[in-house]
Amino acid sequence: MAHDIRRLFDFLYYQNENQPINNSLNTKKNGVWVSTTTAEFVEKVNAASRGLLRLGVKPKDKIALISSTNRTEWNIMDMAILQLGAVNVPMYPTISSNEYKYIFNHAEVSYCFLSDEVLFEKANAVKAEVPTLKEIFSFETVKNCKNWEELLALGQDNSNQKEVDSLKDLVQADDLATIIYTSGTTGTPKGVMLSHNNVVTNVLDSAPRLPITSGNTTIISFLPVCHIFERILHYLYIYKSIAIYFAESIEKFPENLKEIHPHFMSVVPRLLEKVYNSILEKGSALTGIKKAIFYWAIEVGLAYEPYGQNGWLYEKKLALARKLVFSKWREGLGGRLETMVSGSAALQPRLARIFSAAGMYVMEGYGLTETSPVITVNCYKDALFRIGTVGKPIRNIEVKIAEDGEILVKGPNVMQGYYKDPEKTAEVMTGDFFHTGDKGEFDKDGFLRITGRKKEIFKTSGGKYIAPAAIENQMKQSRFIEQILVIGDGQKMAAAIVQPNFAFVKEWAKRHHQEIGSTLQEIAGNQKVKDRIMEEIEEGNKHFGQWETIKKIELTPEVWTVDNELLTPTFKPKREVIIKKYKDLYDRIYA
């Protein structure tokens, strides 16, 4: 029964007892989908646990898991670690070797399991500087690295299964399950401590909001599982006996969609932006009547409101647009996609409208690693869907808005604290209430709207407050703008540092026979490009008060990525790093 689920590994045993399936976890190997049945999942978890015991792993030991893609092995190791009372320390594959070293040492990691050669080189480069790290195992075959199959072989002999079972029985709901190092846009990462109870309650309390029925739903998973958002979804899928198919990579993602035909998936706004832009590119290449119909359908889609709020005439147009245009979009995304849940960054309302109009509802939610993560989420049924909001709080969670507009949260999902950092923990807690650092407001019907990050809100020299997030989100709707950072703290006006969408700018120049140069340096320095992007900014400025409008811009000659450390692993611009790196552009704006 669901009330027997108190610890994270209980989800697996619940699936095994209630509704075992023959494709619980599915990973593509050498071009073929390899399925793991529920029974095999349980068997491998126990073998891995027995192997870990033979390596000398004890309760409370910290074990790192790092994978470039989501995969079956990650989920097996997660359960194997947890049922021994050990602690899973999941890490972003994209962070630097130095950050690996910091986390390994700070968490005192004893073993590390990772996916491939690239990650092995990063981890191995710092292994000598991590006294607690005994061994690294890889899921793929990597030269000079132990393979995780050796761990399973070590656990083949089941004579110590009794020991596994008794350790499993000792694990309590309030025991520490995982330490997740947040990628923060500022400073060294903080280790968020989440107990079994924090995450289990969040899975069970979110479940009623997700349109997932047991057994007959297919899921594609590609958001990093080291992020708590995707991870609680995995536990939810396991709880509901739903087949999880792991996407091979972001490049192969479109191909995987067509093979898997998922009903549901989690997304980040960046992905939806990319999908929408590629659809627009195909549309703009059409001619004649086809092009006219395409743009008419877009117009209809951008006016979408749920529950027939636009009246019967609009609903008739929408039905026609779905038949003529949107059905093809859905086909491109596998043909069966009904719902996407979006998290990790603010979603532009136009994306929620257009995809929902196309019959693929986008439900935006809100949460933080510190809250395991879900606080609020939209849901189509029961009139719980409102575009432009992050939905209503899930059950058992109390949300209140502080006097300065900050969102405060209380509930069983709130973390145990930051690992080895009682000071930082005390800074974010008032009694049982966690300070999210985000500002927000409830509308009259109880839907939460996020208005910006408290730390990022700045004041111009004229004493006016500016919340950059809303402005950046508006401007990123332009196809010319890939990334943007609004600046102006203590200055007389707001301005912006912009990373152009170089691919689109080149295409625009070709279409309009403009000579803009070929290197990124030349394009970013080209006045015509800058003027054209400023036109887009001026269009976006119409949505804001005079004091908030962006008066000047400079373009960066580089693409901002996670690898060059200008973006966090969840693709949020690192404010301080970008301002420091582009100090010359900043000075040029305010000279």
# chains A, B, ... in the order shown; residues from 1 in each chain; ligands from 1

call {"tool": "residues_around", "arguments": {"residues": "stretch 152-168 of chain A", "least_positions_apart": "5", "cutoff": "10 Å", "atoms": "only C-alpha atoms", "output": "MDAnalysis selection string"}}
result
chainID A and resid 7 9:10 43:55 58:59 80 82:86 147

call {"tool": "write_last_selection", "arguments": {"atoms": "N, CA and C atoms", "output": "compact mmCIF listing (two decimals), in the first residue's frame"}}
result
# COMPACT_ATOMS: atom_id res chain seq x y z
N ARG A 7 10.50 5.15 2.61
CA ARG A 7 11.88 5.38 2.17
C ARG A 7 11.92 5.25 0.65
N PHE A 9 13.65 3.60 -1.57
CA PHE A 9 13.70 2.28 -2.23
C PHE A 9 12.37 1.53 -2.10
N ASP A 10 11.50 1.98 -1.18
CA ASP A 10 10.18 1.33 -1.06
C ASP A 10 9.37 1.45 -2.36
N GLU A 43 16.53 -7.51 -8.58
CA GLU A 43 17.65 -8.46 -8.49
C GLU A 43 19.00 -7.72 -8.59
N LYS A 44 19.09 -6.78 -9.58
CA LYS A 44 20.35 -6.06 -9.77
C LYS A 44 20.64 -5.10 -8.62
N VAL A 45 19.58 -4.49 -8.08
CA VAL A 45 19.75 -3.59 -6.94
C VAL A 45 20.35 -4.38 -5.77
N ASN A 46 19.79 -5.57 -5.51
CA ASN A 46 20.30 -6.38 -4.40
C ASN A 46 21.73 -6.85 -4.66
N ALA A 47 22.02 -7.24 -5.91
CA ALA A 47 23.39 -7.67 -6.24
C ALA A 47 24.36 -6.51 -6.03
N ALA A 48 23.96 -5.30 -6.47
CA ALA A 48 24.84 -4.13 -6.31
C ALA A 48 25.03 -3.81 -4.82
N SER A 49 23.95 -3.95 -4.02
CA SER A 49 24.07 -3.71 -2.57
C SER A 49 25.03 -4.72 -1.94
N ARG A 50 24.88 -6.00 -2.34
CA ARG A 50 25.79 -7.03 -1.78
C ARG A 50 27.24 -6.72 -2.16
N GLY A 51 27.43 -6.28 -3.40
CA GLY A 51 28.78 -5.90 -3.85
C GLY A 51 29.33 -4.72 -3.05
N LEU A 52 28.49 -3.73 -2.82
CA LEU A 52 28.94 -2.56 -2.04
C LEU A 52 29.35 -2.97 -0.62
N LEU A 53 28.57 -3.89 -0.02
CA LEU A 53 28.93 -4.37 1.33
C LEU A 53 30.29 -5.05 1.30
N ARG A 54 30.54 -5.80 0.25
CA ARG A 54 31.83 -6.51 0.14
C ARG A 54 32.98 -5.53 -0.11
N LEU A 55 32.65 -4.34 -0.62
CA LEU A 55 33.70 -3.30 -0.77
C LEU A 55 33.93 -2.58 0.56
N LYS A 58 29.45 1.21 4.34
CA LYS A 58 28.63 1.15 5.55
C LYS A 58 27.53 2.21 5.49
N PRO A 59 26.50 2.07 6.36
CA PRO A 59 25.48 3.12 6.41
C PRO A 59 26.13 4.49 6.62
N ALA A 80 20.44 0.82 -4.78
CA ALA A 80 21.40 -0.05 -4.08
C ALA A 80 22.10 0.70 -2.95
N LEU A 82 20.90 3.51 -1.43
CA LEU A 82 19.92 3.96 -0.44
C LEU A 82 19.47 2.85 0.51
N GLN A 83 19.31 1.62 -0.02
CA GLN A 83 18.77 0.58 0.86
C GLN A 83 19.79 0.07 1.88
N LEU A 84 21.05 0.50 1.72
CA LEU A 84 22.05 0.16 2.74
C LEU A 84 22.14 1.24 3.81
N GLY A 85 21.37 2.33 3.61
CA GLY A 85 21.46 3.46 4.54
C GLY A 85 22.64 4.36 4.19
N ALA A 86 23.26 4.13 3.01
CA ALA A 86 24.34 5.02 2.55
C ALA A 86 23.69 6.22 1.85
N ASN A 147 35.08 -1.52 -13.97
CA ASN A 147 33.74 -1.46 -14.55
C ASN A 147 32.70 -1.85 -13.51

call {"tool": "residues_around", "arguments": {"residues": "A:Ala469", "least_positions_apart": "6", "cutoff": "12 Å", "atoms": "only C-alpha atoms", "output": "PyMOL selection string"}}
result
chain A and resi 345-348+438-439+450-458+475-476+483-487+548+572-573+575

call {"tool": "select_by_dssp", "arguments": {"residues": "stretch 97-135 of chain A", "states": "alpha helix (DSSP H)", "output": "list in words"}}
result
Ser97, Asn98, Glu99, Tyr100, Lys101, Tyr102, Ile103, Phe104, Asn105, His106, Ala107, Glu117, Val118, Leu119, Phe120, Glu121, Lys122, Ala123, Asn124, Ala125, Val126 and Lys127 of chain A

call {"tool": "residues_around", "arguments": {"residues": "stretch 587-589 of chain A", "least_positions_apart": "2", "cutoff": "12 Å", "atoms": "only C-alpha atoms", "output": "list in words"}}
result
Val486, Ile487, Gly488, Gln491, Lys492, Met493, Ala494, Ala495, Ala496, Ile497, Ile550, Lys551, Lys552, Ile553, Glu554, Leu555, Ile579, Lys580, Lys581, Tyr582, Lys583, Asp584, Leu585 and Ala591 of chain A
